[in-house]
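The structure appears right after this line, and notes come after that.
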Amino acid sequence: MTQNTEHGPYFGEFGGQFVAETLMPAIKELEDAYRDITPNVSFRKKYHKYLTHLVGRPTPLYHAARLTDDLGGAQVYLKREDLCHLGAHKVNNTIGQVLLAKMMGKTRIIAETGAGQHGVATAAACAALGLECVVYMGAVDITRQKLNVYRMKLFGSEVVPVESGSRTLKDAINEALRDYAATSSTTHYVIGSVVGPHPYPTIVRDFQSVIGTETREQVIAETGRLPTHIVACVGGGSNAIGMFSAFIDDPVELIGVEAGGKGITSGMHGASITAGEPGVLHGQRSYFLQDSDGQILEAHSISAGLDYPGVGPEHAHLHAIGRVQYVSVTDDEALAGFKKLSRLEGIIPALESAHAIAYLEEIVPSLSSDDIIVVCLSGRGDKDVSMIVELEEGT
Ligand SMILES: *Cc1c(COP(=O)(O)O)cnc(C)c1O
C-alpha cells in the first residue's frame, strides 16, 4: 500500500519471525493472503467504503491557532484521529484485518487486550462484518477496565479471563497465541499495533498509513508545502508509523514521543527506545525494557495505551539509522498537555496523544512562524477524564 517504506521480514537488524514451529503455517498463510488479497480492487473498495462510512475518514487536519499563538513558534496542526469512530486510530487497523480475514474465508477472530481499547476496536469490526470474536484479557485487567469489557460484550464478543501468571496483558498474549496455533484454519488473530512476528508489523503499518497519506495531501492543499516537523506518540508505534510512512523520503523531521512515566531515572516508564536494549520477545527482535539478565521489565505510564515494554521493529530500525528522533515525556508533562489542549482548543486529547502535545513545549518555541509542525492526535481523552478526576481527588 505504501511504496516508500521497507517490507519485512526484517527492518535492518530488527523484526523477523521468532515463533514456535506450530505457528509457522498460520503465519505463512497470512503472509501469502496479505500479499495476494489486499492489493485487489475488490478488497480496496470494501476497505475504503468502511473507512469512509463507518470510521468517518478522511479525518480533518486542524490548524490549532490558539495553541500556535501560545507556544510562539511554528504553525501547529492536529491530525484529528480523535474523530475516528470509537475515538482513536485503532479501528483503521481492526477493520482492515477483519476484512482481510473474512476474504481469507475465516469465520472467527481472536484478539488480546490490556486496557481494552484494542479489544473494543476489534469487537466493533467483528460486529460490523459479522464474524465471531473472542478477546483474551488478563483477569486483573478485566476488573480494572469494566466499561471496556461491557462494550466488547455489547458488540457481541466473548471476553475470556486469563488466570495464569500475573493475569495481565502478557499472559493474555500467550493465551491468544495458543488458541491461534490450534485454530488457525478457521481463525485470524488480530494484533493491535506494529508489533509481533512478520508480517504483522507491515500489515498494521499499511492499514494505518492512511493517516500519513491523508495528512500529506491535506497539508499541501492548505499551505502549499510539506510540513517541517511531524510529532506522534509511540506505544507499540502504530499511529506514529502510520503518520511517518508518508514522509519517510521527504526532508521532514520525524519525532516519536515515548512514555517517560515518572522519569527515565526512576525506572518507572515505557520508553523502550530511549532506555531499553535490543532483544527478542513476542515473535520479533526489537527494543525492550529489560534488566541486565535480559528479563523483561514492567512498563509504567499514566496512559494505558503506552504501557507496553517494547516497540515495533520498524521503529527500532528507524532509530538505528537515525531517520526518526525518539524522545520521552513524563506523566506530569503529559497531564499538563492534556489540560492545555483542552483549555486552548476545546479538544480533550487521549493521555497517549497528550504526550505528543506536551513535547511541543520543547521544540516549538525555538522554531520560526514559517515552520509547520503536525501532531498526530491519535485519540480523544473522554476515556481518561474519570481517572484524572480520581487522581486529583486523591481517591
Ligand atoms: C493504543 C493507543 C496508542 C498507542 O498505540 P500505538 O500503536 O503506539 O499507536 C496511542 N494513542 C491512542 C489514543 C491509543 O488508543
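By order of appearance in the C-alpha cells: chains A, B, ..., then residues from 1 within every chain, and ligands from 1 in the order shown.
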Taking only C-alpha atoms and all ligand atoms into account, list the residues no farther than 9 Å from ligand 1, as an MDAnalysis selection string.
chainID A and resid 81:82 87:90 115 117:118 192:195 204 232:242 258 303:308 311:312 349:354 377:381
Output as a ChimeraX atom specification all residues of range 3-144 of chain A that backbone DSSP marks as strand (DSSP E or B).
/A:10-11,14-15,61-63,75-80,88,108-113,132-138
Take the residues just selected and output them with N, CA, C and O atoms as a compact mmCIF listing (two decimals), in the first residue's frame.
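Produced file result_33.txt, reproduced below:
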```txt
# COMPACT_ATOMS: atom_id res chain seq x y z
N TYR A 10 12.56 -8.43 7.79
CA TYR A 10 13.45 -7.64 8.63
C TYR A 10 13.42 -6.17 8.25
O TYR A 10 13.32 -5.82 7.07
N PHE A 11 13.51 -5.32 9.27
CA PHE A 11 13.78 -3.90 9.07
C PHE A 11 15.20 -3.71 9.60
O PHE A 11 15.39 -3.67 10.83
N PHE A 14 16.20 -5.65 12.75
CA PHE A 14 15.05 -5.83 13.65
C PHE A 14 13.88 -6.50 12.92
O PHE A 14 13.78 -6.44 11.70
N GLY A 15 12.97 -7.08 13.71
CA GLY A 15 11.80 -7.75 13.13
C GLY A 15 11.97 -9.25 13.16
O GLY A 15 12.38 -9.82 14.17
N LEU A 61 -7.56 17.87 9.16
CA LEU A 61 -6.28 18.43 9.63
C LEU A 61 -6.63 19.83 10.14
O LEU A 61 -7.15 20.66 9.39
N TYR A 62 -6.40 20.06 11.43
CA TYR A 62 -6.89 21.28 12.07
C TYR A 62 -5.75 22.21 12.45
O TYR A 62 -4.81 21.78 13.13
N HIS A 63 -5.83 23.47 12.01
CA HIS A 63 -4.82 24.45 12.43
C HIS A 63 -5.18 24.93 13.84
O HIS A 63 -6.21 25.57 14.04
N GLN A 75 3.78 26.95 13.13
CA GLN A 75 2.34 26.73 12.98
C GLN A 75 2.02 25.30 13.41
O GLN A 75 2.63 24.36 12.89
N VAL A 76 1.06 25.14 14.32
CA VAL A 76 0.75 23.80 14.82
C VAL A 76 -0.55 23.29 14.19
O VAL A 76 -1.58 23.97 14.26
N TYR A 77 -0.48 22.13 13.58
CA TYR A 77 -1.65 21.46 13.01
C TYR A 77 -1.87 20.13 13.73
O TYR A 77 -0.91 19.46 14.12
N LEU A 78 -3.15 19.75 13.88
CA LEU A 78 -3.50 18.49 14.53
C LEU A 78 -4.18 17.57 13.51
O LEU A 78 -5.15 17.97 12.87
N LYS A 79 -3.66 16.35 13.35
CA LYS A 79 -4.36 15.36 12.54
C LYS A 79 -5.35 14.67 13.47
O LYS A 79 -4.98 13.99 14.43
N ARG A 80 -6.65 14.83 13.15
CA ARG A 80 -7.71 14.54 14.11
C ARG A 80 -8.15 13.07 14.11
O ARG A 80 -9.32 12.76 13.86
N ALA A 88 -10.42 6.80 18.30
CA ALA A 88 -8.97 6.66 18.12
C ALA A 88 -8.66 5.96 16.80
O ALA A 88 -9.56 5.45 16.12
N ARG A 108 -13.79 -16.78 12.40
CA ARG A 108 -13.61 -16.48 13.82
C ARG A 108 -12.39 -15.59 14.00
O ARG A 108 -11.36 -15.80 13.35
N ILE A 109 -12.52 -14.59 14.88
CA ILE A 109 -11.44 -13.64 15.17
C ILE A 109 -11.07 -13.78 16.64
O ILE A 109 -11.94 -13.89 17.50
N ILE A 110 -9.75 -13.75 16.91
CA ILE A 110 -9.32 -13.62 18.30
C ILE A 110 -8.43 -12.39 18.43
O ILE A 110 -7.83 -11.93 17.45
N ALA A 111 -8.38 -11.85 19.64
CA ALA A 111 -7.50 -10.72 19.93
C ALA A 111 -7.17 -10.81 21.40
O ALA A 111 -7.78 -11.57 22.16
N GLU A 112 -6.17 -10.03 21.79
CA GLU A 112 -5.87 -9.90 23.22
C GLU A 112 -5.83 -8.42 23.51
O GLU A 112 -5.59 -7.59 22.62
N THR A 113 -6.13 -8.07 24.76
CA THR A 113 -6.17 -6.64 25.06
C THR A 113 -5.74 -6.41 26.51
O THR A 113 -5.96 -7.27 27.36
N GLU A 132 -17.45 -14.00 14.31
CA GLU A 132 -17.39 -14.35 15.72
C GLU A 132 -16.10 -13.76 16.32
O GLU A 132 -15.07 -13.73 15.66
N CYS A 133 -16.17 -13.28 17.56
CA CYS A 133 -14.99 -12.63 18.16
C CYS A 133 -14.77 -13.08 19.60
O CYS A 133 -15.70 -13.09 20.41
N VAL A 134 -13.52 -13.47 19.89
CA VAL A 134 -13.13 -13.86 21.25
C VAL A 134 -11.94 -13.00 21.66
O VAL A 134 -10.94 -12.95 20.94
N VAL A 135 -12.06 -12.32 22.80
CA VAL A 135 -10.98 -11.45 23.26
C VAL A 135 -10.41 -11.98 24.57
O VAL A 135 -11.14 -12.16 25.55
N TYR A 136 -9.10 -12.26 24.57
CA TYR A 136 -8.42 -12.69 25.79
C TYR A 136 -7.97 -11.47 26.57
O TYR A 136 -7.40 -10.54 26.02
N MET A 137 -8.24 -11.51 27.89
CA MET A 137 -7.91 -10.36 28.73
C MET A 137 -7.53 -10.88 30.11
O MET A 137 -8.21 -11.76 30.67
N GLY A 138 -6.42 -10.38 30.65
CA GLY A 138 -6.00 -10.79 31.98
C GLY A 138 -7.10 -10.52 33.00
O GLY A 138 -7.79 -9.51 32.91
```
According to DSSP computed on the backbone, where in range 134-275 of chain A is there helix (DSSP H, G or I)? Give the residues as a PyMOL selection string.
chain A and resi 139-144+146-154+169-183+200-208+210-223+238-244+264-266+272-275
Taking only C-alpha atoms into account, produce a table as CSV in which each residue of range 187-285 of chain A with an atom at most 10 Å from an atom of range 158-179 of chain A appears once, together with its shortest atom pair and the distance in Å to one decimal, ordered by chain and rising number.
```
residue,atom,partner,partner_atom,distance
A:Thr187,CA,A:Asp179,CA,8.9
A:Tyr189,CA,A:Ala176,CA,7.6
A:Val190,CA,A:Ala176,CA,9.7
A:Ile191,CA,A:Ile173,CA,9.6
A:His282,CA,A:Ile173,CA,8.3
```
Write out, as a compact mmCIF listing (two decimals), in the first residue's frame, the residues just selected, with C-alpha atoms.
```
# COMPACT_ATOMS: atom_id res chain seq x y z
CA THR A 187 -9.40 -18.19 12.93
CA TYR A 189 -5.51 -13.33 15.24
CA VAL A 190 -5.84 -9.52 15.08
CA ILE A 191 -2.75 -7.81 16.53
CA HIS A 282 6.58 -11.90 21.12
```
With only C-alpha atoms as the counted atoms, please give the residues lying no more than 10 Å from Val327 in chain A, apart from itself and same-chain residues fewer than 5 positions off, as a count of residues only.
13
Might you pull out every residue within 9 Å of Pro58 in chain A, with only C-alpha atoms counted and same-chain residues fewer than 4 positions away left off, and present them as a count of residues only?
6
Point-to-point distance from CA of Pro278 in chain A to CA of His319 in chain A, Å rounded to tenths
11.7 Å
Counting only C-alpha atoms, the residue among A:Met104, A:Ile357, A:Ala125, A:Ala65 that lies closest to Lys340 in chain A is A:Ile357
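Restricting the calculation to only C-alpha atoms, the smallest distance between Pro309 in chain A and any of A:Glu277, A:Asp250, A:Glu393, A:Asp206 is found for A:Glu277.
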Please identify all polymer residues within 10 Å of Leu254 in chain A, counting only C-alpha atoms, omitting same-chain residues fewer than 5 positions from it, and present them as a short mmCIF file (atom, residue, chain, number, x, y, z; two decimals) with N, CA, C and O atoms, in the first residue's frame.
```cif
data_model
loop_
_atom_site.label_atom_id
_atom_site.label_comp_id
_atom_site.auth_asym_id
_atom_site.auth_seq_id
_atom_site.Cartn_x
_atom_site.Cartn_y
_atom_site.Cartn_z
N THR A 228 7.41 20.88 8.18
CA THR A 228 8.83 20.76 8.52
C THR A 228 9.03 19.69 9.59
O THR A 228 10.10 19.07 9.64
N HIS A 229 8.01 19.47 10.44
CA HIS A 229 8.14 18.51 11.54
C HIS A 229 6.83 17.72 11.71
O HIS A 229 5.75 18.27 11.52
N ILE A 230 7.00 16.45 12.13
CA ILE A 230 5.85 15.61 12.49
C ILE A 230 6.12 15.04 13.87
O ILE A 230 7.23 14.56 14.13
N VAL A 231 5.11 15.07 14.74
CA VAL A 231 5.27 14.51 16.09
C VAL A 231 4.14 13.52 16.36
O VAL A 231 2.97 13.81 16.08
N ALA A 232 4.49 12.34 16.89
CA ALA A 232 3.47 11.34 17.25
C ALA A 232 3.91 10.58 18.49
O ALA A 232 5.11 10.37 18.69
N ALA A 240 2.13 6.33 15.05
CA ALA A 240 3.34 7.04 14.62
C ALA A 240 3.81 6.55 13.25
O ALA A 240 4.06 7.35 12.35
N ILE A 241 3.90 5.22 13.08
CA ILE A 241 4.43 4.73 11.79
C ILE A 241 3.42 5.00 10.67
O ILE A 241 3.81 5.28 9.54
N MET A 243 1.64 7.62 10.40
CA MET A 243 1.88 9.00 10.04
C MET A 243 3.22 9.16 9.33
O MET A 243 3.32 9.77 8.27
N PHE A 244 4.29 8.57 9.90
CA PHE A 244 5.65 8.76 9.36
C PHE A 244 5.80 8.18 7.95
O PHE A 244 6.58 8.70 7.14
N PHE A 247 6.07 10.24 4.89
CA PHE A 247 7.06 11.33 4.86
C PHE A 247 8.50 10.83 4.95
O PHE A 247 9.44 11.63 5.03
N ILE A 248 8.67 9.51 4.94
CA ILE A 248 10.00 8.92 5.15
C ILE A 248 11.03 9.44 4.15
O ILE A 248 12.18 9.68 4.50
N LEU A 318 14.33 2.56 12.43
CA LEU A 318 14.36 4.00 12.12
C LEU A 318 15.20 4.76 13.14
O LEU A 318 15.83 5.77 12.82
N ARG A 323 16.86 8.01 11.27
CA ARG A 323 15.85 8.72 10.48
C ARG A 323 14.79 9.37 11.35
O ARG A 323 14.23 10.41 10.99
N VAL A 324 14.45 8.75 12.48
CA VAL A 324 13.45 9.30 13.39
C VAL A 324 14.13 9.57 14.74
O VAL A 324 14.95 8.77 15.19
N GLN A 325 13.78 10.69 15.33
CA GLN A 325 14.30 11.01 16.66
C GLN A 325 13.27 10.56 17.70
O GLN A 325 12.09 10.87 17.58
N TYR A 326 13.73 9.81 18.71
CA TYR A 326 12.82 9.35 19.76
C TYR A 326 13.15 10.07 21.06
O TYR A 326 14.31 10.15 21.47
N ILE A 373 4.37 22.30 11.97
CA ILE A 373 4.52 21.08 12.74
C ILE A 373 3.16 20.39 12.84
O ILE A 373 2.16 21.03 13.18
N VAL A 374 3.11 19.14 12.44
CA VAL A 374 1.85 18.39 12.51
C VAL A 374 1.94 17.37 13.64
O VAL A 374 2.91 16.60 13.72
#
```
Could you state the separation of CA of Ile296 in chain A and CA of Ser272 in chain A in Å, given to one decimal place?
10.8 Å
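Nearest residue to Asp382 in chain A, choosing from A:Val19, A:Met103, A:Leu86, A:Ala139 and counting only C-alpha atoms: A:Leu86.
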With only C-alpha atoms as the counted atoms, please give the residues lying no more than 9 Å from range 343-346 of chain A, apart from itself and same-chain residues fewer than 2 positions off, as a list in words.
Ala64, Ala65, Arg66, Leu67, Asp70, Phe338, Lys339, Lys340, Leu341 and Ile348 of chain A
Serialized selection, all heavy atoms, as a tab-separated table (two decimals), in the first residue's frame:
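Result saved to result.tsv:
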```
chain	number	residue	atom	x	y	z
A	64	ALA	N	-4.34	24.58	14.80
A	64	ALA	CA	-4.60	24.93	16.21
A	64	ALA	C	-4.07	26.34	16.45
A	64	ALA	O	-2.95	26.54	16.92
A	64	ALA	CB	-3.94	23.91	17.12
A	65	ALA	N	-4.91	27.34	16.13
A	65	ALA	CA	-4.44	28.73	16.10
A	65	ALA	C	-4.09	29.25	17.50
A	65	ALA	O	-3.09	29.95	17.68
A	65	ALA	CB	-5.51	29.62	15.46
A	66	ARG	N	-4.90	28.89	18.50
A	66	ARG	CA	-4.64	29.41	19.85
A	66	ARG	C	-3.43	28.72	20.48
A	66	ARG	O	-2.66	29.34	21.19
A	66	ARG	CB	-5.89	29.26	20.72
A	66	ARG	CG	-7.03	30.10	20.15
A	66	ARG	CD	-7.99	30.72	21.13
A	66	ARG	NE	-8.14	30.08	22.41
A	66	ARG	CZ	-7.91	30.69	23.58
A	66	ARG	NH1	-7.49	31.94	23.61
A	66	ARG	NH2	-8.11	30.04	24.70
A	67	LEU	N	-3.26	27.43	20.19
A	67	LEU	CA	-2.07	26.73	20.68
A	67	LEU	C	-0.81	27.29	19.99
A	67	LEU	O	0.23	27.48	20.63
A	67	LEU	CB	-2.22	25.22	20.42
A	67	LEU	CG	-1.10	24.32	20.95
A	67	LEU	CD1	-1.00	24.41	22.47
A	67	LEU	CD2	-1.32	22.87	20.52
A	70	ASP	N	0.01	30.55	21.60
A	70	ASP	CA	0.53	30.33	22.96
A	70	ASP	C	1.98	29.87	22.94
A	70	ASP	O	2.79	30.32	23.75
A	70	ASP	CB	-0.34	29.28	23.65
A	70	ASP	CG	0.14	28.99	25.06
A	70	ASP	OD1	-0.25	29.72	25.98
A	70	ASP	OD2	0.94	28.04	25.22
A	338	PHE	N	-2.50	17.59	28.30
A	338	PHE	CA	-3.93	17.22	28.29
A	338	PHE	C	-4.78	18.45	28.64
A	338	PHE	O	-5.77	18.76	27.98
A	338	PHE	CB	-4.10	16.10	29.31
A	338	PHE	CG	-5.50	15.61	29.57
A	338	PHE	CD1	-6.05	14.59	28.79
A	338	PHE	CD2	-6.24	16.11	30.62
A	338	PHE	CE1	-7.31	14.09	29.05
A	338	PHE	CE2	-7.52	15.62	30.88
A	338	PHE	CZ	-8.05	14.61	30.10
A	339	LYS	N	-4.36	19.15	29.69
A	339	LYS	CA	-5.13	20.32	30.15
A	339	LYS	C	-4.98	21.50	29.20
A	339	LYS	O	-5.95	22.21	28.93
A	339	LYS	CB	-4.67	20.71	31.55
A	339	LYS	CG	-5.05	19.64	32.56
A	339	LYS	CD	-4.69	20.02	33.96
A	339	LYS	CE	-5.22	18.94	34.91
A	339	LYS	NZ	-4.85	19.20	36.29
A	340	LYS	N	-3.79	21.68	28.69
A	340	LYS	CA	-3.54	22.84	27.83
A	340	LYS	C	-4.35	22.76	26.53
A	340	LYS	O	-4.97	23.74	26.12
A	340	LYS	CB	-2.05	22.93	27.50
A	340	LYS	CG	-1.67	24.17	26.75
A	340	LYS	CD	-0.16	24.28	26.72
A	340	LYS	CE	0.24	25.69	26.34
A	340	LYS	NZ	1.68	25.91	26.57
A	341	LEU	N	-4.35	21.59	25.89
A	341	LEU	CA	-5.10	21.48	24.64
A	341	LEU	C	-6.59	21.65	24.89
A	341	LEU	O	-7.30	22.28	24.11
A	341	LEU	CB	-4.82	20.15	23.93
A	341	LEU	CG	-5.36	20.10	22.50
A	341	LEU	CD1	-4.56	21.02	21.58
A	341	LEU	CD2	-5.37	18.69	21.94
A	348	ILE	N	-10.24	17.58	24.01
A	348	ILE	CA	-9.63	16.77	25.07
A	348	ILE	C	-8.84	15.65	24.39
A	348	ILE	O	-9.44	14.76	23.77
A	348	ILE	CB	-10.70	16.15	26.00
A	348	ILE	CG1	-11.62	17.24	26.57
A	348	ILE	CG2	-10.02	15.36	27.13
A	348	ILE	CD1	-12.78	16.67	27.41
```
